[in-house]
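Colleague: Structure file target.txt (compact mmCIF, N, CA, C and O atoms and all ligand atoms) right here:
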```txt
# COMPACT_ATOMS: atom_id res chain seq x y z
N MET A 18 -2.71 -11.90 -28.86
CA MET A 18 -3.12 -11.55 -27.50
C MET A 18 -3.82 -10.18 -27.53
O MET A 18 -3.32 -9.24 -28.12
N THR A 19 -5.00 -10.08 -26.91
CA THR A 19 -5.69 -8.79 -26.86
C THR A 19 -5.26 -8.00 -25.64
O THR A 19 -4.97 -8.59 -24.59
N LYS A 20 -5.22 -6.70 -25.79
CA LYS A 20 -4.84 -5.84 -24.67
C LYS A 20 -6.08 -5.51 -23.85
O LYS A 20 -7.16 -5.32 -24.41
N GLY A 21 -5.91 -5.42 -22.53
CA GLY A 21 -7.01 -5.03 -21.66
C GLY A 21 -7.16 -3.52 -21.67
O GLY A 21 -6.41 -2.81 -22.35
N PRO A 22 -8.14 -3.01 -20.91
CA PRO A 22 -8.33 -1.56 -20.85
C PRO A 22 -7.15 -0.89 -20.17
O PRO A 22 -6.48 -1.49 -19.34
N ILE A 23 -6.91 0.36 -20.53
CA ILE A 23 -5.85 1.13 -19.88
C ILE A 23 -6.27 1.39 -18.43
O ILE A 23 -7.40 1.81 -18.16
N GLN A 24 -5.37 1.13 -17.50
CA GLN A 24 -5.66 1.33 -16.08
C GLN A 24 -4.93 2.57 -15.58
O GLN A 24 -3.80 2.82 -15.97
N PRO A 25 -5.57 3.36 -14.70
CA PRO A 25 -4.87 4.52 -14.14
C PRO A 25 -3.80 4.06 -13.16
O PRO A 25 -3.94 3.03 -12.52
N ILE A 26 -2.73 4.80 -13.06
CA ILE A 26 -1.69 4.56 -12.07
C ILE A 26 -1.89 5.60 -10.97
O ILE A 26 -1.89 6.80 -11.25
N LEU A 27 -2.07 5.16 -9.74
CA LEU A 27 -2.37 6.06 -8.64
C LEU A 27 -1.18 6.16 -7.70
O LEU A 27 -0.55 5.17 -7.38
N TYR A 28 -0.92 7.37 -7.27
CA TYR A 28 0.17 7.60 -6.32
C TYR A 28 -0.36 8.44 -5.15
O TYR A 28 -1.34 9.16 -5.30
N PRO A 29 0.33 8.37 -3.99
CA PRO A 29 -0.15 9.13 -2.83
C PRO A 29 -0.21 10.63 -3.13
O PRO A 29 0.67 11.18 -3.76
N MET A 30 -1.29 11.24 -2.70
CA MET A 30 -1.40 12.69 -2.80
C MET A 30 -2.45 13.19 -1.80
O MET A 30 -3.25 12.41 -1.31
N GLU A 31 -2.38 14.47 -1.49
CA GLU A 31 -3.29 15.04 -0.52
C GLU A 31 -4.71 15.06 -1.07
O GLU A 31 -4.95 15.52 -2.18
N GLY A 32 -5.69 14.54 -0.28
CA GLY A 32 -7.08 14.51 -0.70
C GLY A 32 -7.89 15.59 -0.01
O GLY A 32 -7.34 16.50 0.63
N ALA A 33 -9.22 15.45 -0.10
CA ALA A 33 -10.12 16.47 0.45
C ALA A 33 -9.95 16.62 1.96
O ALA A 33 -10.14 17.70 2.51
N ALA A 34 -9.58 15.52 2.64
CA ALA A 34 -9.43 15.57 4.10
C ALA A 34 -8.02 15.98 4.52
O ALA A 34 -7.70 15.96 5.70
N GLY A 35 -7.19 16.36 3.55
CA GLY A 35 -5.82 16.75 3.88
C GLY A 35 -4.98 15.54 4.20
O GLY A 35 -5.26 14.43 3.75
N LYS A 36 -3.92 15.74 4.96
CA LYS A 36 -3.06 14.62 5.34
C LYS A 36 -3.75 13.83 6.45
O LYS A 36 -4.07 14.38 7.50
N THR A 37 -3.99 12.55 6.16
CA THR A 37 -4.79 11.73 7.09
C THR A 37 -3.92 10.85 7.98
O THR A 37 -4.44 10.06 8.76
N GLY A 38 -2.61 10.99 7.87
CA GLY A 38 -1.72 10.11 8.63
C GLY A 38 -1.87 10.25 10.13
O GLY A 38 -1.63 9.30 10.87
N ASP A 39 -2.27 11.42 10.61
CA ASP A 39 -2.37 11.58 12.06
C ASP A 39 -3.66 11.01 12.64
O ASP A 39 -3.91 11.09 13.83
N TRP A 40 -4.51 10.39 11.79
CA TRP A 40 -5.69 9.68 12.29
C TRP A 40 -5.30 8.29 12.81
O TRP A 40 -6.08 7.62 13.45
N ARG A 41 -4.10 7.86 12.46
CA ARG A 41 -3.71 6.46 12.56
C ARG A 41 -3.42 6.02 14.00
O ARG A 41 -2.78 6.75 14.75
N THR A 42 -3.90 4.82 14.38
CA THR A 42 -3.50 4.20 15.64
C THR A 42 -2.65 2.96 15.40
O THR A 42 -1.98 2.48 16.30
N PHE A 43 -2.72 2.42 14.17
CA PHE A 43 -1.85 1.32 13.75
C PHE A 43 -1.22 1.73 12.42
O PHE A 43 -1.80 2.50 11.66
N TYR A 44 -0.03 1.21 12.15
CA TYR A 44 0.59 1.48 10.85
C TYR A 44 1.04 0.16 10.21
O TYR A 44 1.41 -0.78 10.90
N PRO A 45 0.97 0.08 8.87
CA PRO A 45 1.32 -1.15 8.18
C PRO A 45 2.83 -1.25 7.92
O PRO A 45 3.48 -0.26 7.60
N VAL A 46 3.33 -2.47 8.05
CA VAL A 46 4.75 -2.74 7.74
C VAL A 46 4.79 -3.98 6.85
O VAL A 46 4.15 -4.99 7.15
N VAL A 47 5.51 -3.89 5.74
CA VAL A 47 5.59 -5.02 4.81
C VAL A 47 6.85 -5.83 5.08
O VAL A 47 7.92 -5.28 5.36
N ASN A 48 6.70 -7.15 5.02
CA ASN A 48 7.85 -8.05 5.14
C ASN A 48 8.34 -8.37 3.71
O ASN A 48 7.67 -9.08 2.97
N PRO A 49 9.49 -7.84 3.31
CA PRO A 49 9.96 -8.04 1.93
C PRO A 49 10.24 -9.50 1.59
O PRO A 49 10.26 -9.87 0.42
N ASP A 50 10.45 -10.33 2.60
CA ASP A 50 10.71 -11.75 2.34
C ASP A 50 9.43 -12.50 1.94
O ASP A 50 9.50 -13.55 1.31
N LEU A 51 8.26 -11.98 2.33
CA LEU A 51 6.98 -12.63 2.00
C LEU A 51 6.29 -12.00 0.80
O LEU A 51 5.48 -12.64 0.13
N CYS A 52 6.60 -10.75 0.52
CA CYS A 52 5.91 -10.02 -0.56
C CYS A 52 6.26 -10.60 -1.92
O CYS A 52 7.43 -10.79 -2.25
N ILE A 53 5.21 -10.89 -2.72
CA ILE A 53 5.41 -11.42 -4.08
C ILE A 53 5.19 -10.34 -5.15
O ILE A 53 5.11 -10.65 -6.33
N LYS A 54 5.07 -9.09 -4.71
CA LYS A 54 4.97 -7.92 -5.62
C LYS A 54 3.75 -8.00 -6.55
O LYS A 54 3.81 -7.62 -7.72
N CYS A 55 2.64 -8.49 -6.01
CA CYS A 55 1.41 -8.60 -6.81
C CYS A 55 0.66 -7.27 -6.89
O CYS A 55 -0.20 -7.10 -7.74
N ASN A 56 0.95 -6.36 -5.96
CA ASN A 56 0.34 -5.02 -5.93
C ASN A 56 -1.17 -5.03 -5.63
O ASN A 56 -1.86 -4.04 -5.90
N ILE A 57 -1.67 -6.11 -5.07
CA ILE A 57 -3.09 -6.13 -4.66
C ILE A 57 -3.33 -5.09 -3.57
O ILE A 57 -4.33 -4.37 -3.58
N CYS A 58 -2.40 -4.97 -2.63
CA CYS A 58 -2.55 -3.99 -1.55
C CYS A 58 -2.66 -2.58 -2.13
O CYS A 58 -3.48 -1.78 -1.69
N TRP A 59 -1.87 -2.30 -3.11
CA TRP A 59 -1.88 -0.97 -3.76
C TRP A 59 -3.24 -0.70 -4.40
O TRP A 59 -3.79 0.40 -4.30
N LYS A 60 -3.83 -1.72 -5.00
CA LYS A 60 -5.13 -1.52 -5.66
C LYS A 60 -6.24 -1.26 -4.65
O LYS A 60 -7.20 -0.55 -4.93
N TYR A 61 -6.13 -1.84 -3.46
CA TYR A 61 -7.21 -1.72 -2.48
C TYR A 61 -7.07 -0.52 -1.55
O TYR A 61 -8.05 -0.14 -0.92
N CYS A 62 -5.91 0.06 -1.43
CA CYS A 62 -5.73 1.15 -0.45
C CYS A 62 -6.66 2.32 -0.79
O CYS A 62 -6.55 2.92 -1.86
N PRO A 63 -7.58 2.68 0.11
CA PRO A 63 -8.53 3.75 -0.20
C PRO A 63 -7.89 5.13 -0.21
O PRO A 63 -8.51 6.08 -0.69
N ASP A 64 -6.70 5.25 0.34
CA ASP A 64 -6.04 6.56 0.40
C ASP A 64 -4.89 6.69 -0.59
O ASP A 64 -4.18 7.69 -0.55
N HIS A 65 -4.71 5.71 -1.43
CA HIS A 65 -3.59 5.72 -2.38
C HIS A 65 -2.28 6.02 -1.63
O HIS A 65 -1.45 6.78 -2.12
N ALA A 66 -2.13 5.42 -0.49
CA ALA A 66 -0.95 5.67 0.33
C ALA A 66 0.17 4.66 0.08
O ALA A 66 1.17 4.66 0.78
N ILE A 67 -0.04 3.80 -0.91
CA ILE A 67 0.96 2.78 -1.23
C ILE A 67 1.51 3.06 -2.62
O ILE A 67 0.75 3.32 -3.56
N SER A 68 2.82 3.05 -2.74
CA SER A 68 3.45 3.08 -4.07
C SER A 68 3.68 1.64 -4.49
O SER A 68 4.15 0.82 -3.69
N PRO A 69 3.35 1.31 -5.74
CA PRO A 69 3.39 -0.09 -6.16
C PRO A 69 4.79 -0.67 -6.20
O PRO A 69 5.77 0.05 -6.37
N ALA A 70 4.84 -2.00 -6.05
CA ALA A 70 6.12 -2.71 -6.18
C ALA A 70 6.57 -2.66 -7.63
O ALA A 70 5.76 -2.73 -8.55
N ASP A 71 7.87 -2.54 -7.80
CA ASP A 71 8.44 -2.52 -9.15
C ASP A 71 9.17 -3.85 -9.36
O ASP A 71 10.26 -4.06 -8.82
N ARG A 72 8.54 -4.74 -10.13
CA ARG A 72 9.14 -6.07 -10.32
C ARG A 72 10.45 -6.00 -11.08
O ARG A 72 11.36 -6.77 -10.82
N GLU A 73 10.55 -5.07 -12.01
CA GLU A 73 11.77 -4.97 -12.82
C GLU A 73 12.97 -4.60 -11.95
O GLU A 73 14.08 -5.07 -12.19
N LYS A 74 12.73 -3.75 -10.95
CA LYS A 74 13.83 -3.33 -10.07
C LYS A 74 13.89 -4.19 -8.81
O LYS A 74 14.68 -3.91 -7.91
N ASP A 75 13.01 -5.19 -8.70
CA ASP A 75 12.95 -6.07 -7.54
C ASP A 75 12.71 -5.27 -6.25
O ASP A 75 13.31 -5.53 -5.21
N GLU A 76 11.83 -4.24 -6.37
CA GLU A 76 11.51 -3.43 -5.20
C GLU A 76 10.09 -3.75 -4.73
O GLU A 76 9.18 -3.88 -5.55
N VAL A 77 9.91 -3.84 -3.42
CA VAL A 77 8.58 -4.08 -2.88
C VAL A 77 7.83 -2.76 -2.75
O VAL A 77 8.38 -1.69 -3.05
N ILE A 78 6.57 -2.85 -2.30
CA ILE A 78 5.76 -1.66 -2.11
C ILE A 78 6.39 -0.73 -1.07
O ILE A 78 7.22 -1.16 -0.27
N SER A 79 5.96 0.53 -1.10
CA SER A 79 6.35 1.44 -0.02
C SER A 79 5.13 2.26 0.38
O SER A 79 4.16 2.38 -0.39
N TYR A 80 5.17 2.76 1.59
CA TYR A 80 4.04 3.51 2.15
C TYR A 80 4.36 4.99 2.23
O TYR A 80 5.50 5.37 2.50
N ASP A 81 3.34 5.81 2.04
CA ASP A 81 3.45 7.23 2.37
C ASP A 81 2.65 7.42 3.66
O ASP A 81 1.42 7.48 3.63
N TYR A 82 3.36 7.50 4.76
CA TYR A 82 2.68 7.57 6.06
C TYR A 82 2.04 8.94 6.31
O TYR A 82 1.34 9.12 7.30
N ASN A 83 2.24 9.91 5.44
CA ASN A 83 1.49 11.17 5.55
C ASN A 83 0.01 10.96 5.27
O ASN A 83 -0.83 11.72 5.73
N TYR A 84 -0.30 9.92 4.47
CA TYR A 84 -1.68 9.71 4.02
C TYR A 84 -2.28 8.41 4.48
O TYR A 84 -3.51 8.25 4.42
N CYS A 85 -1.47 7.44 4.90
CA CYS A 85 -2.00 6.18 5.42
C CYS A 85 -2.72 6.45 6.73
O CYS A 85 -2.12 7.00 7.66
N LYS A 86 -4.02 6.07 6.82
CA LYS A 86 -4.73 6.29 8.08
C LYS A 86 -4.90 5.01 8.88
O LYS A 86 -5.67 4.96 9.83
N GLY A 87 -4.20 3.97 8.48
CA GLY A 87 -4.11 2.78 9.33
C GLY A 87 -5.35 1.91 9.31
O GLY A 87 -5.61 1.19 10.28
N CYS A 88 -6.09 1.90 8.22
CA CYS A 88 -7.35 1.14 8.18
C CYS A 88 -7.11 -0.38 8.17
O CYS A 88 -7.99 -1.15 8.55
N GLY A 89 -5.96 -0.81 7.69
CA GLY A 89 -5.63 -2.24 7.67
C GLY A 89 -6.16 -3.01 6.47
O GLY A 89 -6.01 -4.24 6.41
N ILE A 90 -6.78 -2.33 5.52
CA ILE A 90 -7.30 -3.03 4.34
C ILE A 90 -6.17 -3.72 3.58
O ILE A 90 -6.32 -4.85 3.11
N CYS A 91 -5.04 -3.06 3.45
CA CYS A 91 -3.91 -3.66 2.72
C CYS A 91 -3.50 -4.98 3.37
O CYS A 91 -3.24 -5.98 2.67
N ALA A 92 -3.45 -5.01 4.70
CA ALA A 92 -3.06 -6.24 5.40
C ALA A 92 -4.12 -7.33 5.22
O ALA A 92 -3.79 -8.52 5.07
N GLU A 93 -5.40 -6.93 5.21
CA GLU A 93 -6.49 -7.90 5.01
C GLU A 93 -6.44 -8.52 3.62
O GLU A 93 -6.71 -9.70 3.44
N GLU A 94 -6.13 -7.71 2.62
CA GLU A 94 -6.19 -8.17 1.23
C GLU A 94 -4.92 -8.88 0.76
O GLU A 94 -4.95 -9.59 -0.25
N CYS A 95 -3.82 -8.70 1.45
CA CYS A 95 -2.55 -9.31 1.01
C CYS A 95 -2.68 -10.84 1.02
O CYS A 95 -2.95 -11.44 2.05
N PRO A 96 -2.46 -11.49 -0.13
CA PRO A 96 -2.63 -12.95 -0.19
C PRO A 96 -1.51 -13.72 0.50
O PRO A 96 -1.63 -14.92 0.70
N LYS A 97 -0.44 -13.05 0.87
CA LYS A 97 0.71 -13.73 1.50
C LYS A 97 0.90 -13.34 2.96
O LYS A 97 1.93 -13.69 3.55
N ASP A 98 -0.04 -12.61 3.52
CA ASP A 98 0.10 -12.12 4.90
C ASP A 98 1.46 -11.44 5.10
O ASP A 98 2.13 -11.65 6.13
N ALA A 99 1.84 -10.65 4.12
CA ALA A 99 3.15 -10.00 4.18
C ALA A 99 3.11 -8.66 4.91
O ALA A 99 4.14 -8.04 5.11
N ILE A 100 1.89 -8.21 5.27
CA ILE A 100 1.75 -6.91 5.91
C ILE A 100 1.26 -7.09 7.35
O ILE A 100 0.28 -7.80 7.58
N THR A 101 1.95 -6.47 8.26
CA THR A 101 1.58 -6.51 9.67
C THR A 101 1.16 -5.12 10.10
O THR A 101 1.81 -4.13 9.75
N MET A 102 0.06 -5.03 10.84
CA MET A 102 -0.37 -3.76 11.40
C MET A 102 0.23 -3.64 12.81
O MET A 102 0.00 -4.48 13.68
N VAL A 103 1.02 -2.61 12.99
CA VAL A 103 1.77 -2.41 14.23
C VAL A 103 1.20 -1.21 14.98
O VAL A 103 0.92 -0.18 14.35
N PRO A 104 0.97 -1.33 16.31
CA PRO A 104 0.47 -0.17 17.06
C PRO A 104 1.39 1.03 16.91
O PRO A 104 2.62 0.89 16.97
N GLN A 105 0.80 2.19 16.70
CA GLN A 105 1.58 3.43 16.56
C GLN A 105 2.44 3.63 17.80
O GLN A 105 1.97 3.41 18.92
N GLY A 106 3.67 3.99 17.61
CA GLY A 106 4.57 4.20 18.73
C GLY A 106 5.48 3.02 19.00
O GLY A 106 6.41 3.10 19.80
N GLU A 107 5.20 1.87 18.36
CA GLU A 107 6.08 0.70 18.55
C GLU A 107 7.05 0.60 17.40
O GLU A 107 6.78 1.03 16.31
S1 LIG A 201 -0.52 -7.58 -1.49
FE1 LIG A 201 1.10 -8.45 -0.21
S2 LIG A 201 2.32 -9.68 -1.59
FE2 LIG A 201 1.11 -8.31 -2.86
S3 LIG A 201 2.43 -6.49 -3.18
FE3 LIG A 201 1.17 -6.08 -1.38
S4 LIG A 201 2.46 -6.74 0.35
FE4 LIG A 201 3.30 -7.68 -1.49
S1 LIG A 202 -3.51 0.78 6.28
FE1 LIG A 202 -5.19 1.49 4.93
S2 LIG A 202 -4.60 3.58 4.37
FE2 LIG A 202 -2.78 2.60 5.17
S3 LIG A 202 -1.71 1.80 3.40
FE3 LIG A 202 -3.01 0.14 4.21
S4 LIG A 202 -4.92 0.29 3.07
FE4 LIG A 202 -3.82 2.23 2.78
```
Here is a file; write its structure as structure tokens.
Ligand code: SF4
Ligand code: SF4
Modeller:
Amino acid sequence: MTKGPIQPILYPMEGAAGKTGDWRTFYPVVNPDLCIKCNICWKYCPDHAISPADREKDEVISYDYNYCKGCGICAEECPKDAITMVPQGE
């Protein structure tokens, strides 16, 4: 079996725009019963606001709401519709 290229592991951190969480009008919530831990949402998040699911520990993804700006890309890309965008304040 050949190995693929080494991939970077990205974690939430403050970017050029600072903490972007207060831009948000919707926030994402993951349903752990639907999540298959594929980490597609983590790969697509433009703000690196998602920590990847750990299959070995049977843990689903988690969000850093300091940096999530509520764009909804993670919910769009999730193949299992496991992410719901909820209006801020609910
Ligand atoms: S894309 Fe969906 S199923 Fe995959 S890890 Fe994210 S929430 Fe879970
Ligand atoms: S809503 Fe946008 S910024 Fe927030 S976690 Fe999903 S993809 Fe990242």
Colleague: Report, in Å to a single decimal, how far apart atom CA of A:Asp75 and atom N of A:Ile90 are.
Modeller: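 We find that atom N of A:Ile90 and atom CA of A:Asp75 lie 24.0 Å from each other.
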Colleague: Using only C-alpha atoms and all ligand atoms, which protein or nucleic acid residues are at most 7 Å from ligand LIG 202 (chain A), as a PyMOL selection string?
Modeller: chain A and resi 44-45+58+61-67+80+84-92
Colleague: Can you work out which residues are within 6 Å of ligand LIG 201 (chain A), considering all atoms listed in the file, and then hand them over as a list in words?
Modeller: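 Using all atoms listed in the file, I find these residues within 6 Å of ligand LIG 201 (chain A): Val47, Leu51, Cys52, Ile53, Lys54, Cys55, Asn56, Ile57, Cys58, Trp59, Ala70, Ile78, Cys91, Glu94, Cys95, Pro96, Lys97, Asp98, Ala99 and Ile100 of chain A.
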Colleague: With N, CA, C and O atoms retained, write the just-selected residues as an mmCIF file, keeping the file's coordinate frame.
Modeller:
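After the write, result.cif holds the following:
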```cif
data_model
loop_
_atom_site.group_PDB
_atom_site.id
_atom_site.type_symbol
_atom_site.label_atom_id
_atom_site.label_comp_id
_atom_site.auth_asym_id
_atom_site.auth_seq_id
_atom_site.Cartn_x
_atom_site.Cartn_y
_atom_site.Cartn_z
ATOM 1 N N VAL A 47 5.510 -3.890 5.740
ATOM 2 C CA VAL A 47 5.590 -5.020 4.810
ATOM 3 C C VAL A 47 6.850 -5.830 5.080
ATOM 4 O O VAL A 47 7.920 -5.280 5.360
ATOM 5 N N LEU A 51 8.260 -11.980 2.330
ATOM 6 C CA LEU A 51 6.980 -12.630 2.000
ATOM 7 C C LEU A 51 6.290 -12.000 0.800
ATOM 8 O O LEU A 51 5.480 -12.640 0.130
ATOM 9 N N CYS A 52 6.600 -10.750 0.520
ATOM 10 C CA CYS A 52 5.910 -10.020 -0.560
ATOM 11 C C CYS A 52 6.260 -10.600 -1.920
ATOM 12 O O CYS A 52 7.430 -10.790 -2.250
ATOM 13 N N ILE A 53 5.210 -10.890 -2.720
ATOM 14 C CA ILE A 53 5.410 -11.420 -4.080
ATOM 15 C C ILE A 53 5.190 -10.340 -5.150
ATOM 16 O O ILE A 53 5.110 -10.650 -6.330
ATOM 17 N N LYS A 54 5.070 -9.090 -4.710
ATOM 18 C CA LYS A 54 4.970 -7.920 -5.620
ATOM 19 C C LYS A 54 3.750 -8.000 -6.550
ATOM 20 O O LYS A 54 3.810 -7.620 -7.720
ATOM 21 N N CYS A 55 2.640 -8.490 -6.010
ATOM 22 C CA CYS A 55 1.410 -8.600 -6.810
ATOM 23 C C CYS A 55 0.660 -7.270 -6.890
ATOM 24 O O CYS A 55 -0.200 -7.100 -7.740
ATOM 25 N N ASN A 56 0.950 -6.360 -5.960
ATOM 26 C CA ASN A 56 0.340 -5.020 -5.930
ATOM 27 C C ASN A 56 -1.170 -5.030 -5.630
ATOM 28 O O ASN A 56 -1.860 -4.040 -5.900
ATOM 29 N N ILE A 57 -1.670 -6.110 -5.070
ATOM 30 C CA ILE A 57 -3.090 -6.130 -4.660
ATOM 31 C C ILE A 57 -3.330 -5.090 -3.570
ATOM 32 O O ILE A 57 -4.330 -4.370 -3.580
ATOM 33 N N CYS A 58 -2.400 -4.970 -2.630
ATOM 34 C CA CYS A 58 -2.550 -3.990 -1.550
ATOM 35 C C CYS A 58 -2.660 -2.580 -2.130
ATOM 36 O O CYS A 58 -3.480 -1.780 -1.690
ATOM 37 N N TRP A 59 -1.870 -2.300 -3.110
ATOM 38 C CA TRP A 59 -1.880 -0.970 -3.760
ATOM 39 C C TRP A 59 -3.240 -0.700 -4.400
ATOM 40 O O TRP A 59 -3.790 0.400 -4.300
ATOM 41 N N ALA A 70 4.840 -2.000 -6.050
ATOM 42 C CA ALA A 70 6.120 -2.710 -6.180
ATOM 43 C C ALA A 70 6.570 -2.660 -7.630
ATOM 44 O O ALA A 70 5.760 -2.730 -8.550
ATOM 45 N N ILE A 78 6.570 -2.850 -2.300
ATOM 46 C CA ILE A 78 5.760 -1.660 -2.110
ATOM 47 C C ILE A 78 6.390 -0.730 -1.070
ATOM 48 O O ILE A 78 7.220 -1.160 -0.270
ATOM 49 N N CYS A 91 -5.040 -3.060 3.450
ATOM 50 C CA CYS A 91 -3.910 -3.660 2.720
ATOM 51 C C CYS A 91 -3.500 -4.980 3.370
ATOM 52 O O CYS A 91 -3.240 -5.980 2.670
ATOM 53 N N GLU A 94 -6.130 -7.710 2.620
ATOM 54 C CA GLU A 94 -6.190 -8.170 1.230
ATOM 55 C C GLU A 94 -4.920 -8.880 0.760
ATOM 56 O O GLU A 94 -4.950 -9.590 -0.250
ATOM 57 N N CYS A 95 -3.820 -8.700 1.450
ATOM 58 C CA CYS A 95 -2.550 -9.310 1.010
ATOM 59 C C CYS A 95 -2.680 -10.840 1.020
ATOM 60 O O CYS A 95 -2.950 -11.440 2.050
ATOM 61 N N PRO A 96 -2.460 -11.490 -0.130
ATOM 62 C CA PRO A 96 -2.630 -12.950 -0.190
ATOM 63 C C PRO A 96 -1.510 -13.720 0.500
ATOM 64 O O PRO A 96 -1.630 -14.920 0.700
ATOM 65 N N LYS A 97 -0.440 -13.050 0.870
ATOM 66 C CA LYS A 97 0.710 -13.730 1.500
ATOM 67 C C LYS A 97 0.900 -13.340 2.960
ATOM 68 O O LYS A 97 1.930 -13.690 3.550
ATOM 69 N N ASP A 98 -0.040 -12.610 3.520
ATOM 70 C CA ASP A 98 0.100 -12.120 4.900
ATOM 71 C C ASP A 98 1.460 -11.440 5.100
ATOM 72 O O ASP A 98 2.130 -11.650 6.130
ATOM 73 N N ALA A 99 1.840 -10.650 4.120
ATOM 74 C CA ALA A 99 3.150 -10.000 4.180
ATOM 75 C C ALA A 99 3.110 -8.660 4.910
ATOM 76 O O ALA A 99 4.140 -8.040 5.110
ATOM 77 N N ILE A 100 1.890 -8.210 5.270
ATOM 78 C CA ILE A 100 1.750 -6.910 5.910
ATOM 79 C C ILE A 100 1.260 -7.090 7.350
ATOM 80 O O ILE A 100 0.280 -7.800 7.580
#
```
Colleague: Check chain A with DSSP on the backbone and list each residue it calls strand (DSSP E or B), as a list in words.
Modeller: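 Reading the DSSP output for chain A, strand (DSSP E or B) covers Gly32, Gly35, Phe43, Tyr44, Pro45, Val46, Val47, Ile67, Ser68, Asp71, Glu76, Ser79, Tyr80, Ile100, Thr101, Met102, Val103 and Pro104 of chain A.
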Colleague: What is the distance, in Å and to one decimal place, between atom CA of A:Ser79 and atom CA of A:Pro49?
Modeller: 10.3 Å
Colleague: Hey, which of A:Glu93, A:Thr101, A:Glu73, A:Asp81 ends up closest to A:Thr37? Count only C-alpha atoms.
Modeller: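 Among the listed residues, the smallest separation from A:Thr37 belongs to A:Asp81.
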Colleague: Smallest atom-to-atom distance to A:Glu107: which of A:Val46, A:Gly32, A:Tyr82, A:Gly38, using only C-alpha atoms?
Modeller: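 Of the candidates, the smallest distance to A:Glu107 is held by A:Val46.
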Colleague: Using DSSP on the backbone coordinates, identify the residues of stretch 41-93 of chain A assigned to helix (DSSP H, G or I); present them as a ChimeraX atom specification.
Modeller: /A:57-61,90-93
Colleague: For A:Met30, which residue among A:Thr42, A:Asn48, A:Gln105, A:Asn83 is the nearest when counting all atoms listed in the file?
Modeller: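 Selected residue with least distance to A:Met30: A:Asn83.
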Colleague: So how many Å separate atom CA of A:Gly106 and atom CA of A:Arg41, to one decimal?
Modeller: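 These atoms are spaced 10.6 Å apart.
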Colleague: Which is closest to A:Phe43 among A:Pro104, A:Ser68, A:Lys74, A:Lys60, if we use only C-alpha atoms?
Modeller: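 For A:Phe43, the nearest of the given residues is A:Pro104.
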Colleague: Reconstruct all heavy atoms of stretch 72-76 of chain A; output as a compact mmCIF listing (two decimals), keeping the file's coordinate frame.
Modeller:
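Saved result, rebuild-v7.txt, follows:
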```
# COMPACT_ATOMS: atom_id res chain seq x y z
N ARG A 72 8.54 -4.74 -10.13
CA ARG A 72 9.14 -6.07 -10.32
C ARG A 72 10.45 -6.00 -11.08
O ARG A 72 11.36 -6.77 -10.82
CB ARG A 72 8.16 -6.97 -11.07
CG ARG A 72 6.94 -7.29 -10.26
CD ARG A 72 6.14 -8.42 -10.89
NE ARG A 72 4.87 -8.54 -10.20
CZ ARG A 72 3.70 -8.34 -10.77
NH1 ARG A 72 3.63 -8.03 -12.05
NH2 ARG A 72 2.60 -8.46 -10.08
N GLU A 73 10.55 -5.07 -12.01
CA GLU A 73 11.77 -4.97 -12.82
C GLU A 73 12.97 -4.60 -11.95
O GLU A 73 14.08 -5.07 -12.19
CB GLU A 73 11.59 -3.90 -13.90
CG GLU A 73 10.37 -4.13 -14.75
CD GLU A 73 10.69 -4.30 -16.21
OE1 GLU A 73 11.66 -3.68 -16.66
OE2 GLU A 73 9.97 -5.07 -16.87
N LYS A 74 12.73 -3.75 -10.95
CA LYS A 74 13.83 -3.33 -10.07
C LYS A 74 13.89 -4.19 -8.81
O LYS A 74 14.68 -3.91 -7.91
CB LYS A 74 13.65 -1.87 -9.67
CG LYS A 74 13.78 -0.91 -10.83
CD LYS A 74 13.62 0.53 -10.33
CE LYS A 74 13.61 1.49 -11.49
NZ LYS A 74 13.15 2.82 -11.09
N ASP A 75 13.01 -5.19 -8.70
CA ASP A 75 12.95 -6.07 -7.54
C ASP A 75 12.71 -5.27 -6.25
O ASP A 75 13.31 -5.53 -5.21
CB ASP A 75 14.23 -6.90 -7.43
CG ASP A 75 14.01 -8.12 -6.55
OD1 ASP A 75 12.87 -8.60 -6.48
OD2 ASP A 75 14.99 -8.58 -5.92
N GLU A 76 11.83 -4.24 -6.37
CA GLU A 76 11.51 -3.43 -5.20
C GLU A 76 10.09 -3.75 -4.73
O GLU A 76 9.18 -3.88 -5.55
CB GLU A 76 11.59 -1.94 -5.55
CG GLU A 76 13.00 -1.46 -5.80
CD GLU A 76 13.05 -0.01 -6.27
OE1 GLU A 76 11.98 0.60 -6.50
OE2 GLU A 76 14.16 0.49 -6.43
```
